[in-house]
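Q: Below you will find the structure I want to go over with you.
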Amino acid sequence: MNPKPTLNKLYLFIFISFTLLLAFNARSQEALKTENKMLYTKETYTYKIVNNHKILADVFRCPDQEIRPAIIWIHGGALIFDSRKDLSYEQLEMYLKEGYTIVSIDYRLAPESKLAEIIEDLADAYSWILSKGPGLFNIDPDRIAIVGHSAGGYLTLVAGFRFMPSPKALVVFYGYGDITGAWYSQPDSFYNQLKAVSKDQAFQSIGDTIISGVASESLGSSRFLFYLFCRQHGLWPIEVSGHDPKKESDWFHDYEPIRNITPAYPPTMLLHGEKDTDVPIQQSLLMADLFKENGVEFEFISNSNWGHAFDEDSGMDNPAVQEAFKQVKIFLKKHLK
């Protein structure tokens, strides 16, 4: 029996699923603007300009003058694709109804920009929100949480030890604290079941100029091929950072949460599925162990049926996902009250 047609179908399913998911989220935010324009407002700001390239943030809030706590939302996409527009409508509306102002940020994307520059953008966004947010959109700079998914979860964990003052809370969906381990720096068994991506295919959508906020319906899906190529060959750390983890391990020290957990780390909630084939649940288990060792307040929610992006794949109507978000709301309320 020849398994190749099945693998090709699996590859096609993943490819189409990423494209449809991103397009759905982009349309959902437009629905917020048109259908709920009297309930919530959206403003887009340029928080940074690099070589004439504007890096943007969308701010969603209730249209009043009340000073509110803020959630900084960080998109995923392996630091290679996706944008601030990929926050789902259901989750955005949930956070808004809880009384939070949401700041969804873009950042420069790899490999055109490297990890140090991406973290620099993250820090600059945080600084801009702290300094300008109170005047521009009435937030309380002493009540800020960060929520991130996948690579955005990794960036959220980095924020926990890089930012001063520390965020009051972190919520990490299927994130990771280790970027030099075998899971990322060696060929991946799951992704190597899929059709091999050639180097030419992988680099078709990669240029030499700054890029951020990749449009979901256009470049996002083709840049996924670059990510797939990296996973099939274990090249993600090198391509994203510009450094070889085998030869330059020390360089990664300031970019790996697993090397930087102390008792001063902010309260963190981890959410991860046991069937995650993109980011293994061991990444969250590792973080949980480090939190225990260092006396960091944390909560860990897992489910044996969840895969990667379980909050999108299962949908907000799934009872287990609903219960998880109830816990997220309780966690945020506790630390942002």
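Following the order of the structure tokens, chains are lettered A, B, ..., residues in each are numbered from 1, and ligands are numbered from 1.
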Give me, as an MDAnalysis selection string, the residues of range 23-176 of chain A that a backbone DSSP run labels strand (DSSP E).
A: chainID A and resid 41:50 53:61 68:74 101:105 139:149 169:173
Q: Find the spatial neighbours of Arg259 in chain A, counting only C-alpha atoms, within a cut-off of 10 Å - ignore same-chain residues fewer than 2 positions away - and output them as a PyMOL selection string.
A: chain A and resi 161+177-178+252-257+261-262+290
Q: Export, as a PDB file, in the first residue's frame, the selected residues with N, CA and C atoms.
A:
```
ATOM      1  N   PHE A 161      10.860  37.756  31.561  1.00  0.00           N
ATOM      2  CA  PHE A 161      12.157  38.032  32.186  1.00  0.00           C
ATOM      3  C   PHE A 161      12.900  39.209  31.563  1.00  0.00           C
ATOM      4  N   GLY A 177       9.638  27.498  25.801  1.00  0.00           N
ATOM      5  CA  GLY A 177      10.711  28.256  26.433  1.00  0.00           C
ATOM      6  C   GLY A 177      12.090  27.835  25.992  1.00  0.00           C
ATOM      7  N   ASP A 178      12.147  26.810  25.150  1.00  0.00           N
ATOM      8  CA  ASP A 178      13.412  26.230  24.682  1.00  0.00           C
ATOM      9  C   ASP A 178      13.438  26.341  23.159  1.00  0.00           C
ATOM     10  N   PHE A 252      22.356  32.256  22.825  1.00  0.00           N
ATOM     11  CA  PHE A 252      20.915  32.090  23.019  1.00  0.00           C
ATOM     12  C   PHE A 252      20.472  32.300  24.466  1.00  0.00           C
ATOM     13  N   HIS A 253      21.417  32.502  25.373  1.00  0.00           N
ATOM     14  CA  HIS A 253      21.061  32.577  26.792  1.00  0.00           C
ATOM     15  C   HIS A 253      19.974  33.615  27.049  1.00  0.00           C
ATOM     16  N   ASP A 254      20.119  34.802  26.475  1.00  0.00           N
ATOM     17  CA  ASP A 254      19.173  35.887  26.749  1.00  0.00           C
ATOM     18  C   ASP A 254      17.866  35.755  25.972  1.00  0.00           C
ATOM     19  N   TYR A 255      17.730  34.688  25.196  1.00  0.00           N
ATOM     20  CA  TYR A 255      16.531  34.515  24.372  1.00  0.00           C
ATOM     21  C   TYR A 255      15.744  33.253  24.714  1.00  0.00           C
ATOM     22  N   GLU A 256      16.200  32.543  25.752  1.00  0.00           N
ATOM     23  CA  GLU A 256      15.513  31.314  26.134  1.00  0.00           C
ATOM     24  C   GLU A 256      14.935  31.424  27.540  1.00  0.00           C
ATOM     25  N   PRO A 257      13.624  31.405  27.661  1.00  0.00           N
ATOM     26  CA  PRO A 257      13.017  31.452  29.002  1.00  0.00           C
ATOM     27  C   PRO A 257      13.517  30.368  29.938  1.00  0.00           C
ATOM     28  N   ILE A 261      14.445  31.714  34.382  1.00  0.00           N
ATOM     29  CA  ILE A 261      13.367  31.719  35.366  1.00  0.00           C
ATOM     30  C   ILE A 261      13.950  31.952  36.760  1.00  0.00           C
ATOM     31  N   THR A 262      13.412  32.956  37.447  1.00  0.00           N
ATOM     32  CA  THR A 262      13.791  33.262  38.826  1.00  0.00           C
ATOM     33  C   THR A 262      12.514  33.437  39.645  1.00  0.00           C
ATOM     34  N   LEU A 290      10.095  24.309  35.991  1.00  0.00           N
ATOM     35  CA  LEU A 290      10.957  25.433  36.367  1.00  0.00           C
ATOM     36  C   LEU A 290      10.224  26.418  37.272  1.00  0.00           C
TER      37      LEU A 290
END
```
Q: Hey, what's within 10 Å of Ser284 in chain A if we count only C-alpha atoms and toss same-chain stuff fewer than 6 positions away? As a list in words, please?
A: Val172, Phe173, Tyr174, Gly175, Tyr176, Gly177, Asp178, Met269, Leu270, Leu271, His272, Gly273, Leu290, Phe300, Ile301 and Ser302 of chain A
Q: Using only C-alpha atoms, which of A:Arg143, A:His149, A:His233, A:Lys247 sits nearest Val279 in chain A?
A: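 Comparing A:Arg143, A:His149, A:His233, A:Lys247 against Val279 in chain A, the winner is A:His149.
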Q: Quick one: everything within 9 Å of His75 in chain A, counting only C-alpha atoms, minus sequence neighbours fewer than 2 positions away in the same chain. Send it as a PyMOL selection string.
A: chain A and resi 73+77+79+82-87+104-106+147-153
Q: For Gln91 in chain A, which residue out of A:Tyr265, A:Phe325, A:Phe310, A:Phe163 is the nearest one, using only C-alpha atoms?
A: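 For Gln91 in chain A, the nearest of the given residues is A:Phe325.
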Q: From the DSSP assignment of the backbone, select every residue of range 179-264 of chain A that is helix (DSSP H, G or I), and format the answer as JSON, numbers by chain.
A: {"A": [182, 183, 184, 185, 191, 192, 193, 199, 200, 201, 202, 219, 220, 221, 222, 223, 224, 225, 226, 227, 228, 229, 230, 231, 232, 233, 236, 237, 238, 239, 240, 241, 249, 250, 251, 252, 253, 254, 255, 257, 258, 259]}
Q: I need the residues from that last selection saved to file as a compact mmCIF listing (two decimals), in the first residue's frame (with N, CA and C atoms), if you can.
A:
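So the final result, stored in part-v8.txt, reads:
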```txt
# COMPACT_ATOMS: atom_id res chain seq x y z
N ALA A 182 16.40 19.75 20.72
CA ALA A 182 16.27 18.87 19.55
C ALA A 182 14.95 19.05 18.83
N TRP A 183 13.88 19.37 19.56
CA TRP A 183 12.57 19.50 18.93
C TRP A 183 12.55 20.57 17.84
N TYR A 184 13.44 21.58 17.97
CA TYR A 184 13.46 22.67 16.99
C TYR A 184 14.74 22.68 16.15
N SER A 185 15.81 22.11 16.68
CA SER A 185 17.10 22.21 15.99
C SER A 185 17.49 20.94 15.25
N TYR A 191 6.70 16.51 10.73
CA TYR A 191 6.72 17.29 9.50
C TYR A 191 7.43 16.56 8.36
N ASN A 192 8.27 15.62 8.69
CA ASN A 192 8.91 14.84 7.64
C ASN A 192 8.03 13.71 7.11
N GLN A 193 6.83 13.54 7.67
CA GLN A 193 5.84 12.68 7.05
C GLN A 193 5.16 13.37 5.86
N LYS A 199 14.37 23.70 -1.22
CA LYS A 199 14.90 25.01 -0.81
C LYS A 199 14.34 26.11 -1.71
N ASP A 200 14.22 25.84 -2.99
CA ASP A 200 13.67 26.84 -3.91
C ASP A 200 12.23 27.19 -3.54
N GLN A 201 11.43 26.17 -3.26
CA GLN A 201 10.04 26.43 -2.83
C GLN A 201 10.02 27.24 -1.54
N ALA A 202 10.86 26.87 -0.61
CA ALA A 202 10.86 27.51 0.70
C ALA A 202 11.18 28.99 0.62
N LEU A 219 0.56 36.26 1.49
CA LEU A 219 1.87 35.67 1.75
C LEU A 219 1.88 34.63 2.85
N GLY A 220 0.90 34.68 3.75
CA GLY A 220 0.93 33.80 4.90
C GLY A 220 1.10 32.35 4.56
N SER A 221 0.32 31.86 3.60
CA SER A 221 0.37 30.43 3.28
C SER A 221 1.67 30.05 2.60
N SER A 222 2.23 30.91 1.74
CA SER A 222 3.47 30.57 1.06
C SER A 222 4.66 30.64 2.02
N ARG A 223 4.62 31.55 2.99
CA ARG A 223 5.69 31.61 3.98
C ARG A 223 5.64 30.40 4.91
N PHE A 224 4.48 29.77 5.01
CA PHE A 224 4.39 28.54 5.78
C PHE A 224 5.30 27.47 5.17
N LEU A 225 5.48 27.49 3.86
CA LEU A 225 6.38 26.53 3.23
C LEU A 225 7.81 26.70 3.73
N PHE A 226 8.19 27.95 3.98
CA PHE A 226 9.53 28.19 4.52
C PHE A 226 9.64 27.59 5.92
N TYR A 227 8.59 27.78 6.72
CA TYR A 227 8.57 27.18 8.06
C TYR A 227 8.65 25.66 7.97
N LEU A 228 7.88 25.09 7.06
CA LEU A 228 7.88 23.63 6.90
C LEU A 228 9.26 23.13 6.51
N PHE A 229 9.92 23.85 5.62
CA PHE A 229 11.29 23.49 5.21
C PHE A 229 12.22 23.52 6.43
N CYS A 230 12.08 24.56 7.26
CA CYS A 230 12.93 24.66 8.45
C CYS A 230 12.70 23.49 9.39
N ARG A 231 11.44 23.10 9.58
CA ARG A 231 11.15 21.99 10.50
C ARG A 231 11.63 20.66 9.93
N GLN A 232 11.52 20.50 8.62
CA GLN A 232 11.96 19.24 8.02
C GLN A 232 13.47 19.06 8.09
N HIS A 233 14.20 20.18 8.20
CA HIS A 233 15.67 20.10 8.21
C HIS A 233 16.28 20.55 9.54
N TRP A 236 15.21 25.87 12.02
CA TRP A 236 14.51 27.04 12.56
C TRP A 236 15.42 27.94 13.40
N PRO A 237 16.15 27.41 14.39
CA PRO A 237 16.97 28.32 15.21
C PRO A 237 17.98 29.12 14.40
N ILE A 238 18.60 28.49 13.43
CA ILE A 238 19.61 29.19 12.61
C ILE A 238 18.95 30.25 11.74
N GLU A 239 17.87 29.89 11.04
CA GLU A 239 17.24 30.83 10.11
C GLU A 239 16.61 32.01 10.84
N VAL A 240 16.06 31.77 12.03
CA VAL A 240 15.37 32.84 12.75
C VAL A 240 16.34 33.73 13.52
N SER A 241 17.39 33.13 14.07
CA SER A 241 18.30 33.93 14.90
C SER A 241 19.54 34.41 14.16
N SER A 249 25.91 28.28 21.57
CA SER A 249 24.88 28.09 22.58
C SER A 249 24.75 29.28 23.53
N ASP A 250 25.89 29.87 23.89
CA ASP A 250 25.86 30.99 24.85
C ASP A 250 25.08 32.18 24.30
N TRP A 251 25.10 32.36 22.98
CA TRP A 251 24.39 33.51 22.40
C TRP A 251 22.90 33.45 22.73
N PHE A 252 22.36 32.26 22.82
CA PHE A 252 20.92 32.09 23.02
C PHE A 252 20.47 32.30 24.47
N HIS A 253 21.42 32.50 25.37
CA HIS A 253 21.06 32.58 26.79
C HIS A 253 19.97 33.61 27.05
N ASP A 254 20.12 34.80 26.48
CA ASP A 254 19.17 35.89 26.75
C ASP A 254 17.87 35.75 25.97
N TYR A 255 17.73 34.69 25.20
CA TYR A 255 16.53 34.51 24.37
C TYR A 255 15.74 33.25 24.71
N PRO A 257 13.62 31.40 27.66
CA PRO A 257 13.02 31.45 29.00
C PRO A 257 13.52 30.37 29.94
N ILE A 258 13.81 29.16 29.42
CA ILE A 258 14.25 28.08 30.31
C ILE A 258 15.54 28.42 31.04
N ARG A 259 16.30 29.37 30.56
CA ARG A 259 17.56 29.74 31.21
C ARG A 259 17.41 30.96 32.11
```
Q: From the set A:Lys292, A:His53, A:Lys132, A:His308, which residue has the shortest atom-to-atom contact distance to Pro280 in chain A, counting only C-alpha atoms?
A: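 The closest residue to Pro280 in chain A is A:His308.
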Q: Fewer than 6 positions away in the same chain doesn't count, so skip those; otherwise give me all residues within 10 Å of Glu112 in chain A, counting only C-alpha atoms, as a PDB file with C-alpha atoms, in the first residue's frame.
A:
```
ATOM      1  CA  ILE A  80       7.828  33.930  10.211  1.00  0.00           C
ATOM      2  CA  ILE A 206      11.423  35.272   1.391  1.00  0.00           C
ATOM      3  CA  GLY A 207      12.972  38.605   0.515  1.00  0.00           C
ATOM      4  CA  ASP A 208      15.661  40.936   1.802  1.00  0.00           C
ATOM      5  CA  THR A 209      13.541  43.805   3.136  1.00  0.00           C
ATOM      6  CA  ILE A 210      11.722  44.274   6.425  1.00  0.00           C
ATOM      7  CA  ILE A 211       8.319  42.617   6.634  1.00  0.00           C
ATOM      8  CA  SER A 212       5.659  42.585   9.353  1.00  0.00           C
ATOM      9  CA  GLU A 239      17.241  30.833  10.115  1.00  0.00           C
ATOM     10  CA  VAL A 240      15.368  32.845  12.750  1.00  0.00           C
TER      11      VAL A 240
END
```
Q: Which polymer residues have any atom within 10 Å of an atom of Pro134 in chain A, counting only C-alpha atoms, with same-chain residues fewer than 5 positions away left out, as a VMD selection string?
A: chain A and resid 67 to 68 129 139 to 141
Q: Restrict the selected residues to C-alpha atoms and save them as a PDB file, in the first residue's frame.
A:
```
ATOM      1  CA  ILE A  67      -9.140  53.895  32.719  1.00  0.00           C
ATOM      2  CA  ARG A  68      -8.871  50.176  32.048  1.00  0.00           C
ATOM      3  CA  ILE A 129       2.202  51.039  25.594  1.00  0.00           C
ATOM      4  CA  ILE A 139      -5.013  52.287  30.106  1.00  0.00           C
ATOM      5  CA  ASP A 140      -3.594  51.731  33.553  1.00  0.00           C
ATOM      6  CA  PRO A 141       0.138  51.042  33.013  1.00  0.00           C
TER       7      PRO A 141
END
```
Q: Let me make sure I understand: among A:Phe203, A:Asp311, A:Tyr154, A:Lys334, which one has the smallest atom-to-atom distance to Leu115 in chain A if we use only C-alpha atoms?
A: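 Between A:Phe203, A:Asp311, A:Tyr154, A:Lys334, the residue approaching Leu115 in chain A most closely is A:Tyr154.
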Q: From the list A:Leu122, A:Leu157, A:Leu285, A:Ile330, which residue is nearest Leu56 in chain A when using only C-alpha atoms?
A: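 That would be A:Leu122, the residue with the smallest distance to Leu56 in chain A.
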Q: Between CA of Leu136 in chain A and CA of Ile55 in chain A, measure the distance and give it in Å to one decimal.
A: 17.0 Å
Q: Check the smallest atom-to-atom distance from each of A:Trp306, A:Phe137, A:Tyr40, A:Tyr126 to Tyr107 in chain A using only C-alpha atoms, then report the winner.
A: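 Among the listed residues, A:Tyr126 lies closest to Tyr107 in chain A.
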Q: For the atom pair CA of Lys42 in chain A and CA of Ala78 in chain A, what is the interatomic distance in Å to one decimal place?
A: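 Those two atoms sit 26.2 Å apart.
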Q: Quote the spacing between CA of Tyr100 in chain A and CA of Ala70 in chain A in Å to one decimal place.
A: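 Here the two named atoms are 5.3 Å from each other.
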Q: Excluding Pro263 in chain A and any residue of its chain fewer than 5 positions from it, enumerate the residues within 7 Å of it, using only C-alpha atoms, and give them as a list in words.
A: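 Near Pro263 in chain A, the qualifying residues are Asn294, Gly295 and Val296 of chain A.
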Q: Using N, CA and C atoms, can you export the residues from the last selection as an mmCIF file, in the first residue's frame?
A:
```cif
data_model
loop_
_atom_site.group_PDB
_atom_site.id
_atom_site.type_symbol
_atom_site.label_atom_id
_atom_site.label_comp_id
_atom_site.auth_asym_id
_atom_site.auth_seq_id
_atom_site.Cartn_x
_atom_site.Cartn_y
_atom_site.Cartn_z
ATOM 1 N N ASN A 294 11.306 27.371 41.206
ATOM 2 C CA ASN A 294 11.621 28.750 41.578
ATOM 3 C C ASN A 294 10.505 29.441 42.355
ATOM 4 N N GLY A 295 9.475 28.707 42.707
ATOM 5 C CA GLY A 295 8.396 29.289 43.492
ATOM 6 C C GLY A 295 7.576 30.327 42.751
ATOM 7 N N VAL A 296 7.490 30.193 41.426
ATOM 8 C CA VAL A 296 6.707 31.129 40.610
ATOM 9 C C VAL A 296 5.246 30.686 40.618
#
```
